[in-house]
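Enquirer: Before I ask anything, let me first share the structure, which is written out below as structure tokens.
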Amino acid sequence: MKYDLITVNENGLYCPAGGFYIDPWRPVERAVITHAHSDHARPGHSYYLAHNHCAPILRLRLGQDINLETMEYGETRAMNGLRVSLHPAGHVLGSAQVRIEHGGKVWVVSGDYKLENDRLTPAFEPIHCHTFITESTFGLPVYKWRPQDEIFEQVNQWWAENQGKNKASILIAYALGKAQRLVENLDHSLGDIYAHGAVFNVHTKFREAGITLPEIKYAGPDMPKSAFMRSLIIAPPSALNTPWMRRFEPYSTAIASGCMAIRGNKRRKAVDRGFALSDHADWQGLNEAINACGAERVFVTHGYQDVMVKWLGEKGKEAHELKTEFVGESEEFDGL
Ligand SMILES: [Zn+2]
Ligand SMILES: [Zn+2]
């Protein structure tokens, strides 16, 4: 029987030899956190280890007083004699793959990742390993992203069209990751970009932490309605179709999400436009990452693991499902 460096128990992904968990969903003693999305960074752990750029958002969401240690990419920590390091996952600011080395064996837990360089998050780095635990949020062949610059151009055009009709443009995007990626890449010469409080808070925390991001404005209740008329407003999914949106009337709405790639998605019907922009790897990206790390064994989790496992098996790779309580990107899929 092969020796498993990482297993799953009722609390989450567990490394018995190191005595720590990775993104555990129940409170534990020691947690290594791949990134600050709420389905990965849960409250209540006694100790957190994460990348430096996770820190401002972990503290914002879990409290200033959490016991948090941070690391740079490539830095190594010894935990019970195991070597643990974090490496760029390209998913959102502060996201990391976790590399664990013990007894000559290397395991890598991908966390969430994407391969396209969003110009803000350090790009995904394939890490050579024996066993790779990969996410599969969009692990179906039907998911195939267009190059991001095409999507950004579509968003710019939509914004300009709305300006021509004297409408505000409300763009729904999750507050950590997607919102910063849009702010970084959209055309600010078109007009002002405003943000819902949830988006503005994350943006401000990153800037306070020294991360260079373009300036945006807070879409507060005191702003005159005229300020919004030709503007783009970025808001999280929870704000869609709430009274909060009234201050922007008349407006057009859109969602930027990987889910928008599927026709007939019910979220499509809730808005005027859908832009298929995802911070996860598509089918091809997942396959590229799995091949690039050279792993002889792959565990698939966090999405369409059964389809991916079958596909890898047909190609002669040793692949297994790793069932967890994750149900995809909660922030990207919340309530719509
Ligand atoms: Zn995520
Ligand atoms: Zn996730």
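Letters A, B, ... mark the chains of the structure tokens in the order given; residue numbers begin at 1 per chain; ligand numbers begin at 1, in order shown.
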Please provide as JSON, numbers by chain all residues within 7 Å of A:Leu93, with the sequence filter that same-chain residues fewer than 5 positions apart are discarded (counting only C-alpha atoms).

Expert: {"A": [53, 121, 177]}

Enquirer: Please give me, as a short mmCIF file (atom, residue, chain, number, x, y, z; two decimals) with N, CA, C and O atoms, in the first residue's frame, the residues lying within 12 Å of ligand 2 when counting only C-alpha atoms and all ligand atoms.

Expert:
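File produced: pocket.cif:
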```cif
data_model
loop_
_atom_site.label_atom_id
_atom_site.label_comp_id
_atom_site.auth_asym_id
_atom_site.auth_seq_id
_atom_site.Cartn_x
_atom_site.Cartn_y
_atom_site.Cartn_z
N ASP A 23 -6.80 24.06 4.29
CA ASP A 23 -8.16 24.60 4.10
C ASP A 23 -9.23 23.79 4.83
O ASP A 23 -10.27 23.46 4.24
N TRP A 25 -12.47 22.62 6.94
CA TRP A 25 -13.77 23.27 7.04
C TRP A 25 -14.32 23.28 8.46
O TRP A 25 -15.31 23.93 8.72
N ILE A 33 -3.57 27.67 4.77
CA ILE A 33 -4.68 28.21 3.98
C ILE A 33 -4.18 28.57 2.58
O ILE A 33 -3.21 29.31 2.43
N THR A 34 -4.87 28.02 1.55
CA THR A 34 -4.42 28.29 0.18
C THR A 34 -4.81 29.69 -0.29
O THR A 34 -4.11 30.29 -1.09
N HIS A 35 -5.96 30.20 0.17
CA HIS A 35 -6.37 31.57 -0.17
C HIS A 35 -7.58 31.97 0.66
O HIS A 35 -8.18 31.13 1.33
N ALA A 36 -7.94 33.26 0.58
CA ALA A 36 -8.89 33.81 1.55
C ALA A 36 -10.36 33.70 1.14
O ALA A 36 -11.21 34.31 1.78
N HIS A 37 -10.70 32.93 0.11
CA HIS A 37 -12.11 32.71 -0.19
C HIS A 37 -12.76 31.95 0.97
O HIS A 37 -12.12 31.10 1.59
N SER A 38 -14.05 32.25 1.17
CA SER A 38 -14.68 31.79 2.41
C SER A 38 -14.85 30.27 2.49
O SER A 38 -14.99 29.74 3.58
N ASP A 39 -14.83 29.56 1.36
CA ASP A 39 -14.93 28.10 1.46
C ASP A 39 -13.58 27.46 1.76
O ASP A 39 -13.50 26.26 2.02
N HIS A 40 -12.52 28.23 1.73
CA HIS A 40 -11.17 27.71 2.01
C HIS A 40 -10.64 28.22 3.35
O HIS A 40 -9.92 27.49 4.04
N ALA A 41 -10.95 29.45 3.67
CA ALA A 41 -10.46 30.06 4.92
C ALA A 41 -11.61 30.17 5.90
O ALA A 41 -12.39 31.12 5.87
N ARG A 42 -11.75 29.16 6.75
CA ARG A 42 -12.85 29.10 7.70
C ARG A 42 -12.42 29.71 9.04
O ARG A 42 -11.23 29.69 9.37
N ALA A 89 -0.48 30.26 -7.39
CA ALA A 89 -1.59 29.50 -7.98
C ALA A 89 -2.33 30.33 -9.02
O ALA A 89 -3.17 29.81 -9.75
N HIS A 91 -4.74 32.31 -8.86
CA HIS A 91 -6.20 32.33 -8.71
C HIS A 91 -6.70 33.72 -8.31
O HIS A 91 -7.45 34.35 -9.06
N VAL A 92 -6.30 34.19 -7.15
CA VAL A 92 -6.61 35.54 -6.67
C VAL A 92 -5.38 36.02 -5.90
O VAL A 92 -4.50 35.22 -5.59
N SER A 95 -3.18 33.79 -3.36
CA SER A 95 -3.49 32.36 -3.50
C SER A 95 -2.21 31.55 -3.72
O SER A 95 -1.28 32.02 -4.36
N ALA A 96 -2.22 30.35 -3.17
CA ALA A 96 -1.00 29.53 -3.22
C ALA A 96 -1.32 28.06 -3.39
O ALA A 96 -2.37 27.57 -2.95
N SER A 110 -3.19 21.91 -4.94
CA SER A 110 -3.28 23.09 -5.83
C SER A 110 -4.04 24.25 -5.21
O SER A 110 -3.81 25.40 -5.54
N GLY A 111 -4.99 23.99 -4.29
CA GLY A 111 -5.97 25.03 -3.97
C GLY A 111 -6.73 25.34 -5.25
O GLY A 111 -6.80 24.51 -6.15
N ASP A 112 -7.28 26.54 -5.37
CA ASP A 112 -7.91 26.96 -6.62
C ASP A 112 -6.83 27.61 -7.49
O ASP A 112 -5.94 28.28 -6.96
N TYR A 113 -6.92 27.41 -8.81
CA TYR A 113 -5.90 28.01 -9.68
C TYR A 113 -6.43 28.31 -11.06
O TYR A 113 -7.43 27.75 -11.50
N LYS A 114 -5.74 29.24 -11.73
CA LYS A 114 -5.98 29.45 -13.17
C LYS A 114 -4.62 29.64 -13.83
O LYS A 114 -3.66 30.06 -13.17
N THR A 134 -5.60 18.21 -7.27
CA THR A 134 -6.05 19.33 -8.09
C THR A 134 -7.52 19.64 -7.86
O THR A 134 -8.33 18.75 -7.61
N GLU A 135 -7.86 20.92 -7.95
CA GLU A 135 -9.27 21.31 -7.96
C GLU A 135 -9.87 20.97 -9.32
O GLU A 135 -9.13 20.64 -10.27
N SER A 136 -11.18 21.03 -9.46
CA SER A 136 -11.83 20.75 -10.74
C SER A 136 -13.16 21.51 -10.86
O SER A 136 -14.13 20.99 -11.39
N THR A 137 -13.17 22.75 -10.35
CA THR A 137 -14.40 23.55 -10.35
C THR A 137 -15.05 23.59 -11.73
O THR A 137 -16.27 23.47 -11.86
N PHE A 138 -14.23 23.79 -12.77
CA PHE A 138 -14.76 23.82 -14.13
C PHE A 138 -14.19 22.65 -14.94
O PHE A 138 -13.79 22.81 -16.09
N LEU A 176 -13.53 39.21 -3.77
CA LEU A 176 -12.11 38.88 -3.69
C LEU A 176 -11.68 38.18 -4.98
O LEU A 176 -12.13 37.07 -5.26
N GLY A 177 -10.85 38.83 -5.74
CA GLY A 177 -10.33 38.21 -6.96
C GLY A 177 -10.89 38.85 -8.21
O GLY A 177 -10.25 39.68 -8.84
N SER A 278 -13.42 33.67 -15.65
CA SER A 278 -13.26 32.84 -14.45
C SER A 278 -11.86 32.93 -13.88
O SER A 278 -10.88 33.09 -14.61
N ASP A 279 -11.76 32.79 -12.57
CA ASP A 279 -10.46 32.72 -11.91
C ASP A 279 -10.03 31.27 -11.66
O ASP A 279 -9.12 31.01 -10.88
N HIS A 280 -10.75 30.35 -12.32
CA HIS A 280 -10.37 28.93 -12.25
C HIS A 280 -9.88 28.47 -13.63
O HIS A 280 -10.27 29.03 -14.66
N ALA A 281 -9.07 27.42 -13.64
CA ALA A 281 -8.64 26.82 -14.91
C ALA A 281 -9.83 26.19 -15.61
O ALA A 281 -10.73 25.66 -14.96
N THR A 301 -10.42 16.94 -6.77
CA THR A 301 -11.36 17.36 -5.74
C THR A 301 -12.04 18.67 -6.17
O THR A 301 -11.77 19.19 -7.25
N HIS A 302 -12.99 19.15 -5.36
CA HIS A 302 -13.51 20.50 -5.49
C HIS A 302 -14.14 20.77 -6.86
O HIS A 302 -13.77 21.70 -7.57
N GLY A 303 -15.08 19.90 -7.27
CA GLY A 303 -15.76 20.17 -8.54
C GLY A 303 -16.25 18.90 -9.20
O GLY A 303 -16.92 18.09 -8.58
N THR A 324 -14.62 15.92 -0.78
CA THR A 324 -14.56 16.88 0.32
C THR A 324 -15.92 17.56 0.44
O THR A 324 -16.81 17.32 -0.35
N GLU A 325 -16.03 18.43 1.41
CA GLU A 325 -17.29 19.14 1.57
C GLU A 325 -17.36 20.39 0.69
O GLU A 325 -18.32 21.12 0.72
N PHE A 326 -16.30 20.65 -0.06
CA PHE A 326 -16.34 21.81 -0.95
C PHE A 326 -17.43 21.62 -1.99
O PHE A 326 -17.63 20.54 -2.52
N VAL A 327 -18.11 22.69 -2.32
CA VAL A 327 -19.13 22.60 -3.36
C VAL A 327 -18.86 23.67 -4.41
O VAL A 327 -19.75 24.34 -4.88
N GLY A 328 -17.62 23.84 -4.77
CA GLY A 328 -17.29 24.87 -5.75
C GLY A 328 -17.04 26.18 -5.05
O GLY A 328 -17.05 26.27 -3.84
N GLU A 329 -16.81 27.19 -5.83
CA GLU A 329 -16.46 28.50 -5.29
C GLU A 329 -17.68 29.17 -4.70
O GLU A 329 -18.50 29.70 -5.42
N SER A 330 -17.82 29.10 -3.40
CA SER A 330 -19.05 29.60 -2.80
C SER A 330 -19.27 31.06 -3.14
O SER A 330 -20.38 31.51 -3.33
N GLU A 331 -18.19 31.82 -3.23
CA GLU A 331 -18.35 33.25 -3.49
C GLU A 331 -18.76 33.50 -4.93
O GLU A 331 -19.36 34.50 -5.24
N GLU A 332 -18.39 32.55 -5.79
CA GLU A 332 -18.72 32.73 -7.19
C GLU A 332 -20.12 32.18 -7.47
O GLU A 332 -20.70 32.46 -8.50
N PHE A 333 -20.66 31.40 -6.57
CA PHE A 333 -21.92 30.72 -6.85
C PHE A 333 -23.01 31.11 -5.86
O PHE A 333 -24.04 30.49 -5.82
#
```

Enquirer: I'd like the neighbourhood of A:Ile100 as number ranges by chain, where a residue qualifies if any of its atoms comes within 8 Å (using only C-alpha atoms), though same-chain residues fewer than 2 positions away should be ignored.

Expert: A: 82-85, 98, 102, 106-108

Enquirer: So how far away is atom CA of A:Tyr48 from atom CA of A:Asn67, in Å?

Expert: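 Here the two named atoms are 6.1 Å from each other.
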
Enquirer: Between atom CA of A:Glu318 and atom CA of A:Leu13, what is the distance in Å, rounded to a tenth?

Expert: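 Calculated distance between atom CA of A:Glu318 and atom CA of A:Leu13 is 19.6 Å.
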
Enquirer: Between A:Met308, A:Ile66, A:Leu277, A:Val28, which is the closest to A:Lys178 once you count only C-alpha atoms?

Expert: A:Leu277

Enquirer: Do you have the atom CA of A:Ala175-atom CA of A:Ile193 distance handy?

Expert: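 Value for the atom CA of A:Ala175-atom CA of A:Ile193 distance: 14.3 Å.
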
Enquirer: Within 8 Å of A:Pro16, counting only C-alpha atoms, which residues qualify if same-chain residues fewer than 6 places away don't, as a VMD selection string?

Expert: chain A and resid 5 to 7

Enquirer: For ligand 1, which residue among A:Cys54, A:Val271, A:Leu240, A:Met71 is the nearest when counting only C-alpha atoms and all ligand atoms?

Expert: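 Selected residue with least distance to ligand 1: A:Cys54.
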
Enquirer: Any chance you could tabulate, as CSV, the residues of stretch 5-74 of chain A at most 9 Å from stretch 206-213 of chain A with each one's nearest atom pair and distance in Å to one decimal, using only C-alpha atoms, in chain and rising number order?

Expert:
```
residue,atom,partner,partner_atom,distance
A:His53,CA,A:Phe206,CA,7.7
A:Ala55,CA,A:Ala209,CA,8.8
A:Pro56,CA,A:Phe206,CA,6.7
A:Ile57,CA,A:Phe206,CA,7.9
```

Enquirer: Any chance you could export the current selection's N, CA, C and O atoms as a PDB file, in the first residue's frame?

Expert:
```
ATOM      1  N   HIS A  53      -0.009  38.006   1.150  1.00  0.00           N
ATOM      2  CA  HIS A  53      -1.097  38.801   0.576  1.00  0.00           C
ATOM      3  C   HIS A  53      -2.480  38.279   0.963  1.00  0.00           C
ATOM      4  O   HIS A  53      -3.487  38.890   0.637  1.00  0.00           O
ATOM      5  N   ALA A  55      -3.061  37.913   4.154  1.00  0.00           N
ATOM      6  CA  ALA A  55      -3.220  38.425   5.520  1.00  0.00           C
ATOM      7  C   ALA A  55      -4.286  39.511   5.655  1.00  0.00           C
ATOM      8  O   ALA A  55      -5.156  39.419   6.529  1.00  0.00           O
ATOM      9  N   PRO A  56      -4.258  40.572   4.785  1.00  0.00           N
ATOM     10  CA  PRO A  56      -5.253  41.640   5.002  1.00  0.00           C
ATOM     11  C   PRO A  56      -6.689  41.149   4.900  1.00  0.00           C
ATOM     12  O   PRO A  56      -7.563  41.629   5.630  1.00  0.00           O
ATOM     13  N   ILE A  57      -6.938  40.178   4.026  1.00  0.00           N
ATOM     14  CA  ILE A  57      -8.318  39.709   3.820  1.00  0.00           C
ATOM     15  C   ILE A  57      -8.698  38.690   4.896  1.00  0.00           C
ATOM     16  O   ILE A  57      -9.832  38.663   5.377  1.00  0.00           O
TER      17      ILE A  57
END
```

Enquirer: Which of these, A:Gly285, A:Gly220, A:Gly81, A:Gly94, has the shortest distance to ligand 1 once you count only C-alpha atoms and all ligand atoms?

Expert: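 Closest to ligand 1, using only C-alpha atoms and all ligand atoms: A:Gly94.
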
Enquirer: With only C-alpha atoms and all ligand atoms as the atoms that count, which of A:Ser252, A:Ile127, A:His188, A:Tyr174 lies nearest to ligand 1?

Expert: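 Among the listed residues, A:Tyr174 lies closest to ligand 1.
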
Enquirer: Determine, counting only C-alpha atoms, which protein, DNA and RNA residues have an atom within 10 Å of an atom of A:Val309; residues of the same chain fewer than 4 positions away are not included. Present the result as a PDB file with N, CA and C atoms, in the first residue's frame.

Expert:
```
ATOM      1  N   GLY A 139     -14.138  21.481 -14.310  1.00  0.00           N
ATOM      2  CA  GLY A 139     -13.538  20.293 -14.918  1.00  0.00           C
ATOM      3  C   GLY A 139     -14.465  19.521 -15.839  1.00  0.00           C
ATOM      4  N   VAL A 298      -2.693  11.401  -9.265  1.00  0.00           N
ATOM      5  CA  VAL A 298      -3.481  12.639  -9.171  1.00  0.00           C
ATOM      6  C   VAL A 298      -4.738  12.377  -8.349  1.00  0.00           C
ATOM      7  N   PHE A 299      -4.991  13.255  -7.407  1.00  0.00           N
ATOM      8  CA  PHE A 299      -6.278  13.246  -6.709  1.00  0.00           C
ATOM      9  C   PHE A 299      -7.072  14.448  -7.194  1.00  0.00           C
ATOM     10  N   VAL A 300      -8.352  14.216  -7.498  1.00  0.00           N
ATOM     11  CA  VAL A 300      -9.176  15.305  -8.031  1.00  0.00           C
ATOM     12  C   VAL A 300     -10.263  15.641  -7.019  1.00  0.00           C
ATOM     13  N   THR A 301     -10.421  16.938  -6.766  1.00  0.00           N
ATOM     14  CA  THR A 301     -11.360  17.363  -5.742  1.00  0.00           C
ATOM     15  C   THR A 301     -12.042  18.667  -6.168  1.00  0.00           C
ATOM     16  N   TYR A 304     -15.859  18.739 -10.482  1.00  0.00           N
ATOM     17  CA  TYR A 304     -16.332  17.587 -11.275  1.00  0.00           C
ATOM     18  C   TYR A 304     -15.307  16.456 -11.225  1.00  0.00           C
ATOM     19  N   GLN A 305     -15.020  15.973  -9.991  1.00  0.00           N
ATOM     20  CA  GLN A 305     -13.927  14.999  -9.869  1.00  0.00           C
ATOM     21  C   GLN A 305     -14.185  13.694 -10.610  1.00  0.00           C
ATOM     22  N   GLY A 313      -7.933   8.469 -16.147  1.00  0.00           N
ATOM     23  CA  GLY A 313      -7.769   7.019 -16.154  1.00  0.00           C
ATOM     24  C   GLY A 313      -7.693   6.471 -17.571  1.00  0.00           C
ATOM     25  N   GLU A 314      -8.546   7.002 -18.450  1.00  0.00           N
ATOM     26  CA  GLU A 314      -8.533   6.560 -19.851  1.00  0.00           C
ATOM     27  C   GLU A 314      -7.217   6.898 -20.536  1.00  0.00           C
ATOM     28  N   LYS A 315      -6.563   7.955 -20.041  1.00  0.00           N
ATOM     29  CA  LYS A 315      -5.267   8.331 -20.617  1.00  0.00           C
ATOM     30  C   LYS A 315      -4.109   7.628 -19.921  1.00  0.00           C
ATOM     31  N   LYS A 317      -3.397   7.556 -16.602  1.00  0.00           N
ATOM     32  CA  LYS A 317      -2.879   8.151 -15.354  1.00  0.00           C
ATOM     33  C   LYS A 317      -3.568   7.531 -14.150  1.00  0.00           C
ATOM     34  N   GLU A 318      -2.812   7.388 -13.072  1.00  0.00           N
ATOM     35  CA  GLU A 318      -3.446   6.936 -11.842  1.00  0.00           C
ATOM     36  C   GLU A 318      -4.169   8.126 -11.209  1.00  0.00           C
ATOM     37  N   ALA A 319      -5.492   8.053 -11.173  1.00  0.00           N
ATOM     38  CA  ALA A 319      -6.259   9.186 -10.652  1.00  0.00           C
ATOM     39  C   ALA A 319      -7.355   8.706  -9.722  1.00  0.00           C
ATOM     40  N   HIS A 320      -7.622   9.477  -8.683  1.00  0.00           N
ATOM     41  CA  HIS A 320      -8.643   9.131  -7.690  1.00  0.00           C
ATOM     42  C   HIS A 320      -9.469  10.358  -7.341  1.00  0.00           C
ATOM     43  N   GLU A 321     -10.691  10.089  -6.944  1.00  0.00           N
ATOM     44  CA  GLU A 321     -11.522  11.172  -6.424  1.00  0.00           C
ATOM     45  C   GLU A 321     -11.171  11.419  -4.970  1.00  0.00           C
ATOM     46  N   LEU A 322     -11.172  12.663  -4.601  1.00  0.00           N
ATOM     47  CA  LEU A 322     -10.996  13.011  -3.195  1.00  0.00           C
ATOM     48  C   LEU A 322     -12.245  13.791  -2.811  1.00  0.00           C
TER      49      LEU A 322
END
```

Enquirer: Please identify which residues in stretch 52-190 of chain A DSSP calls helix (DSSP H, G or I) from the backbone, and express them as a VMD selection string.

Expert: chain A and resid 52 to 62 148 to 164 178 to 185 188 to 190

Enquirer: Out of A:Ile233, A:Gln180, A:Gly90, A:Thr76, which residue has the shortest atom-to-atom distance to ligand 1 when counting only C-alpha atoms and all ligand atoms?

Expert: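 Closest residue, counting only C-alpha atoms and all ligand atoms: A:Gly90.
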
Enquirer: For each of A:Glu153, A:Val109, A:Ser257, A:Lys323, take the minimum atom-to-atom distance to A:Glu10, counting only C-alpha atoms, then give the residue where this is smallest.

Expert: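 The answer is A:Lys323, which sits nearest to A:Glu10.
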
Enquirer: Based on DSSP run over this structure's backbone, return all residues of stretch 112-333 of chain A in strand (DSSP E), as a VMD selection string.

Expert: chain A and resid 131 to 136 168 to 172 193 to 195 217 to 218 232 to 235 251 to 256 273 to 275 297 to 303 318 to 321

Enquirer: For the selection you just gave me, I'd like the residues written to a file as a CSV table (one decimal), in the first residue's frame, keeping C-alpha atoms.

Expert:
```
chain,number,residue,atom,x,y,z
A,131,THR,CA,1.3,13.4,-6.2
A,132,PHE,CA,-0.9,16.3,-7.2
A,133,ILE,CA,-4.2,17.2,-5.6
A,134,THR,CA,-6.1,19.3,-8.1
A,135,GLU,CA,-9.3,21.3,-8.0
A,136,SER,CA,-11.8,20.8,-10.7
A,168,ALA,CA,-25.1,53.2,-15.3
A,169,SER,CA,-23.4,49.8,-15.7
A,170,ILE,CA,-23.7,47.5,-12.7
A,171,LEU,CA,-21.2,44.6,-13.0
A,172,ILE,CA,-21.6,41.7,-10.6
A,193,ILE,CA,-15.4,53.0,-11.5
A,194,TYR,CA,-17.4,52.7,-8.3
A,195,ALA,CA,-17.6,49.8,-5.9
A,217,LYS,CA,-14.6,55.2,-5.6
A,218,TYR,CA,-17.0,54.0,-2.9
A,232,LEU,CA,-19.3,51.4,-13.9
A,233,ILE,CA,-20.3,50.0,-10.5
A,234,ILE,CA,-18.8,46.7,-9.3
A,235,ALA,CA,-20.9,44.8,-6.8
A,251,TYR,CA,-28.9,51.0,-15.2
A,252,SER,CA,-27.9,47.9,-17.1
A,253,THR,CA,-26.6,44.7,-15.3
A,254,ALA,CA,-24.1,42.1,-16.1
A,255,ILE,CA,-22.3,39.2,-14.3
A,256,ALA,CA,-18.6,38.3,-14.8
A,273,ARG,CA,-25.4,40.5,-20.0
A,274,GLY,CA,-23.1,37.6,-19.0
A,275,PHE,CA,-19.3,37.7,-19.4
A,297,ARG,CA,-0.7,10.1,-9.1
A,298,VAL,CA,-3.5,12.6,-9.2
A,299,PHE,CA,-6.3,13.2,-6.7
A,300,VAL,CA,-9.2,15.3,-8.0
A,301,THR,CA,-11.4,17.4,-5.7
A,302,HIS,CA,-13.5,20.5,-5.5
A,303,GLY,CA,-15.8,20.2,-8.5
A,318,GLU,CA,-3.4,6.9,-11.8
A,319,ALA,CA,-6.3,9.2,-10.7
A,320,HIS,CA,-8.6,9.1,-7.7
A,321,GLU,CA,-11.5,11.2,-6.4
```
